[in-house]
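Enquirer: Here it is, the structure in full.
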Amino acid sequence: MGEKKLKNRWLIAMAAVGIHISIGSVYSWSVFSNPLNEKHGWSSSDIALTFSIAILFLGLAAAFMGHFVEKHGPRKSGIVSTICFGIGMIGAGFADSIGNLYLLYFFYGALGGIGLGIGYITPVSTLVKWFPDRRGLATGLAIMGFGFASLIASPVIEMLIGNIGISNTFFLLGAIYFVLMFSSSLYLAPPPRDFVPKGMTLEEKKEKENNKSTGDLAQLTANEAVKTVRFWALWIMLFINVTCGIAIIAVASPMAQDIAGMTAGAAALMVGIMGLFNGFGRLGWASISDYIGRPNVYTTFFVLQIAAFVLLPNVTNAIIFQILIFVILSCYGGGFASIPAYIGDLFGTKQLGAIHGYILTAWAAAGLVGPSVVTRIEEATNSYALTMYIFTGAFVVALVVSLLIRVNIKKIREENTQPAEATS
């Protein structure tokens, strides 16, 4: 039976954005913090723990459900994500209505987090297969939706809480996200086996995938990939990039007021603009990686951030301080968006979703480490300077890893070309 009608790959990309812009609303969690505190008397740290649990389960679900995504395809995986995230949101409304913090942890944190993890990886491996010619751009588009979501969701949540209350906000958003994610999931599908985008021939596609000097390094399963040095190099680079970025997100407002002497209002505006750089950084850096290569993009991230973190504690000028923060946020977003294409380059597309899931455990670990490190050191020293210098050291390690991974790639390319030369 022949393929009925070929789906539009740009609509597939938009369906991916539909899922990511829904689950990305998790970045707006802090908007619920004060209203929940005023209504129930729960402490800020107890309420913030909901977000940490959600990010932890995101990483765990991405790791453990990656094989499910590969086996059952993006449509079924998207629907599972929709059900978990939708019920998580609606359950959070129920938890609020009866004033039970542990139910909130279960519904929004654990169940919602599982929906986040599956939803995050579901469209990515599909997009890489639909865009063999522009891997970075395609994955950057979807993951940009995740970064931008809080820009849209935060003011909407604030307005809804004021008008209809916390519980009804959860119920309404849960229903809206359910419809948006469900309809997006139904359109998702992998491309036909011999799909070739316009302007590219089948020979060119095969050449791009199999070229020993420029194509995918190998076609590995997830369990084979985990045993390689380059898998752990990617893991370490993502872990350091996310740990330092997420820590800055967690303390951006008080740090701006403390170091650069900004007012609370100006710092709040800066936090909003950070969302733009987080979002645009995902699309911009991922697109640039299509032209200069993923290894060069990651090395650039770390060079820029070493400079930014060294300068941050000593900058009293508010404009320069904000520029440094925005550079860090663009690299933070870019790291997420470039990693799926980098995985495709190094391990092929055979089980990209499962490998991406394993790599995202770095995000779960970073979500627990980053914010707690920066807040504890600040409480102990009454300064952000020591943390910034520790992060600078971490980025030096990341830079070294980004250079060493090139040696590993070069060695494997040479090993790949030797048999080809021998046979010719």
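By order in the structure tokens, chains are A, B, ...; within a chain, residues start at 1; ligands start at 1, following the order shown.
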Pick out the residues sitting within 9 Å of range 379-388 of chain A, and hand them over as a PyMOL selection string; count only C-alpha atoms, and ignore anything fewer than 3 positions along from it in its own chain.
Expert: chain A and resi 244+255+258-259+309-314+373-376+391-393
Enquirer: With DSSP run on the backbone, what are the alpha helix (DSSP H) residues within range 55-267 of chain A? I'd like them as a PyMOL selection string.
Expert: chain A and resi 55-98+101-104+112-130+135-164+166-187+202-210+222-225+229-259+264-267
Enquirer: Could you check which of A:Met237, A:Val251, A:Val80, A:Ile118 is closest to Ala63 in chain A, using only C-alpha atoms?
Expert: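 The answer is A:Ile118, which sits nearest to Ala63 in chain A.
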Enquirer: Which distance in Å separates CA of Phe170 in chain A and CA of Arg75 in chain A, to one decimal?
Expert: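 We find that CA of Phe170 in chain A and CA of Arg75 in chain A lie 25.1 Å from each other.
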Enquirer: Dump as CSV the rows for residues of range 51-157 of chain A within 9 Å of range 262-284 of chain A: closest atom pair and distance in Å with one decimal, only C-alpha atoms counted, ordered by chain and rising residue number.
Expert:
```
residue,atom,partner,partner_atom,distance
A:Gly136,CA,A:Leu283,CA,8.1
A:Leu137,CA,A:Leu283,CA,6.4
A:Ala138,CA,A:Leu283,CA,8.5
A:Thr139,CA,A:Leu283,CA,8.1
A:Gly140,CA,A:Leu283,CA,4.3
A:Leu141,CA,A:Leu283,CA,5.6
A:Ala142,CA,A:Leu283,CA,8.5
A:Ile143,CA,A:Arg282,CA,6.5
A:Met144,CA,A:Gly279,CA,4.8
A:Gly145,CA,A:Gly279,CA,7.1
A:Phe146,CA,A:Gly279,CA,7.5
A:Gly147,CA,A:Gly279,CA,4.4
A:Phe148,CA,A:Gly279,CA,4.9
A:Ala149,CA,A:Gly279,CA,8.5
A:Ser150,CA,A:Gly275,CA,7.1
A:Leu151,CA,A:Gly275,CA,6.2
```
Enquirer: Need to verify the contact set: Ala61 in chain A, 7 Å, only C-alpha atoms, exclusion of same-chain residues closer than 2 positions in sequence. Can you return it as a list in words?
Expert: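 Listed by chain and then number, they are Phe57, Leu58, Gly59, Ala63, Phe64, Met65, Ile114, Gly117 and Ile118 of chain A.
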Enquirer: Can you tell me which residues surround Tyr102 in chain A at a distance of at most 12 Å, considering only C-alpha atoms, apart from same-chain residues fewer than 6 positions away, and format the answer as a list in words?
Expert: Trp42, Asp46, Ile47, Leu49, Thr50, Ile53, Gly91, Ala92, Phe94, Ala95, Asp96, Tyr108, Gly109 and Ala110 of chain A
Enquirer: Just to be explicit: take each residue in the selection above, keep C-alpha atoms, and write the result as an mmCIF file, in the first residue's frame.
Expert:
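Once everything was written out, this is selection_9.cif:
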```
data_model
loop_
_atom_site.group_PDB
_atom_site.id
_atom_site.type_symbol
_atom_site.label_atom_id
_atom_site.label_comp_id
_atom_site.auth_asym_id
_atom_site.auth_seq_id
_atom_site.Cartn_x
_atom_site.Cartn_y
_atom_site.Cartn_z
ATOM 1 C CA TRP A 42 3.173 26.945 52.407
ATOM 2 C CA ASP A 46 8.127 23.925 49.740
ATOM 3 C CA ILE A 47 6.369 25.437 46.723
ATOM 4 C CA LEU A 49 10.175 21.927 45.383
ATOM 5 C CA THR A 50 7.217 21.251 43.033
ATOM 6 C CA ILE A 53 10.334 17.465 41.234
ATOM 7 C CA GLY A 91 -4.832 17.284 39.435
ATOM 8 C CA ALA A 92 -2.811 20.303 40.611
ATOM 9 C CA PHE A 94 -7.681 19.577 42.766
ATOM 10 C CA ALA A 95 -4.657 19.568 45.140
ATOM 11 C CA ASP A 96 -4.992 23.337 45.539
ATOM 12 C CA TYR A 108 2.189 18.643 38.958
ATOM 13 C CA GLY A 109 5.630 17.382 40.002
ATOM 14 C CA ALA A 110 5.677 13.645 39.303
#
```
Enquirer: Neighbouring residues of range 339-356 of chain A were defined as those with any atom within 6 Å, considering only C-alpha atoms; residues of the same chain fewer than 4 positions away were excluded. Please report them as a ChimeraX atom specification.
Expert: /A:66-67,125,135-136,216-222,294
Enquirer: Atoms to include: N, CA and C atoms. Write the selected residues as a tab-separated table (two decimals), in the first residue's frame.
Expert:
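Dumped to selection07.tsv:
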```tsv
chain	number	residue	atom	x	y	z
A	66	GLY	N	12.61	6.93	26.40
A	66	GLY	CA	13.19	7.14	25.07
A	66	GLY	C	12.96	5.95	24.15
A	67	HIS	N	13.11	4.74	24.71
A	67	HIS	CA	12.89	3.53	23.89
A	67	HIS	C	11.43	3.39	23.50
A	125	SER	N	13.33	13.54	17.62
A	125	SER	CA	13.93	12.57	16.69
A	125	SER	C	13.16	12.55	15.37
A	135	ARG	N	19.19	20.00	10.20
A	135	ARG	CA	18.94	19.41	11.52
A	135	ARG	C	18.85	20.43	12.63
A	136	GLY	N	19.82	21.32	12.68
A	136	GLY	CA	19.88	22.30	13.77
A	136	GLY	C	18.67	23.21	13.78
A	216	ASP	N	27.27	11.31	9.26
A	216	ASP	CA	27.13	10.82	10.63
A	216	ASP	C	28.29	9.90	10.97
A	217	LEU	N	28.80	10.04	12.18
A	217	LEU	CA	29.98	9.30	12.59
A	217	LEU	C	29.70	7.80	12.65
A	218	ALA	N	28.49	7.45	13.09
A	218	ALA	CA	28.12	6.04	13.23
A	218	ALA	C	26.60	5.95	13.33
A	219	GLN	N	26.07	4.74	13.20
A	219	GLN	CA	24.64	4.50	13.44
A	219	GLN	C	24.55	3.54	14.63
A	220	LEU	N	24.39	4.10	15.82
A	220	LEU	CA	24.42	3.29	17.04
A	220	LEU	C	23.06	3.23	17.72
A	221	THR	N	22.83	2.14	18.46
A	221	THR	CA	21.64	2.07	19.32
A	221	THR	C	21.96	2.86	20.59
A	222	ALA	N	20.92	3.13	21.39
A	222	ALA	CA	21.13	3.90	22.63
A	222	ALA	C	22.09	3.18	23.57
A	294	ARG	N	28.51	21.52	14.95
A	294	ARG	CA	28.17	21.45	16.37
A	294	ARG	C	29.40	21.59	17.29
```
Enquirer: So which one's closest to Lys129 in chain A, A:Ala189, A:Leu104, A:Leu172, A:Ile306? Using only C-alpha atoms, please.
Expert: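 Checking each of A:Ala189, A:Leu104, A:Leu172, A:Ile306 against Lys129 in chain A, counting only C-alpha atoms, the winner is A:Ala189.
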Enquirer: Quick one: residues within 12 Å of Pro371 in chain A, only C-alpha atoms, excluding same-chain residues fewer than 5 positions away - as number ranges by chain?
Expert: A: 45, 48-49, 51-52, 242-252, 365-366, 376-378, 387
Enquirer: Figure out the distance between CA of Ser185 in chain A and CA of Lys71 in chain A, please, to one decimal in Å.
Expert: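 Separation between CA of Lys71 in chain A and CA of Ser185 in chain A: 15.8 Å.
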Enquirer: Select, from A:Ile323, A:Leu234, A:Leu173, A:Ala337, the residue with the minimum atom-to-atom distance to Leu404 in chain A, counting only C-alpha atoms.
Expert: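 The closest residue to Leu404 in chain A is A:Leu234.
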Enquirer: Using only C-alpha atoms, which residue out of A:Val397, A:Leu368, A:Val179, A:Ala308 lies closest to Thr82 in chain A?
Expert: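 Looking only at the distances to Thr82 in chain A, the closest residue turns out to be A:Val179.
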Enquirer: What is the distance between CA of Ile83 in chain A and CA of Phe182 in chain A, in Å to one decimal?
Expert: 8.4 Å
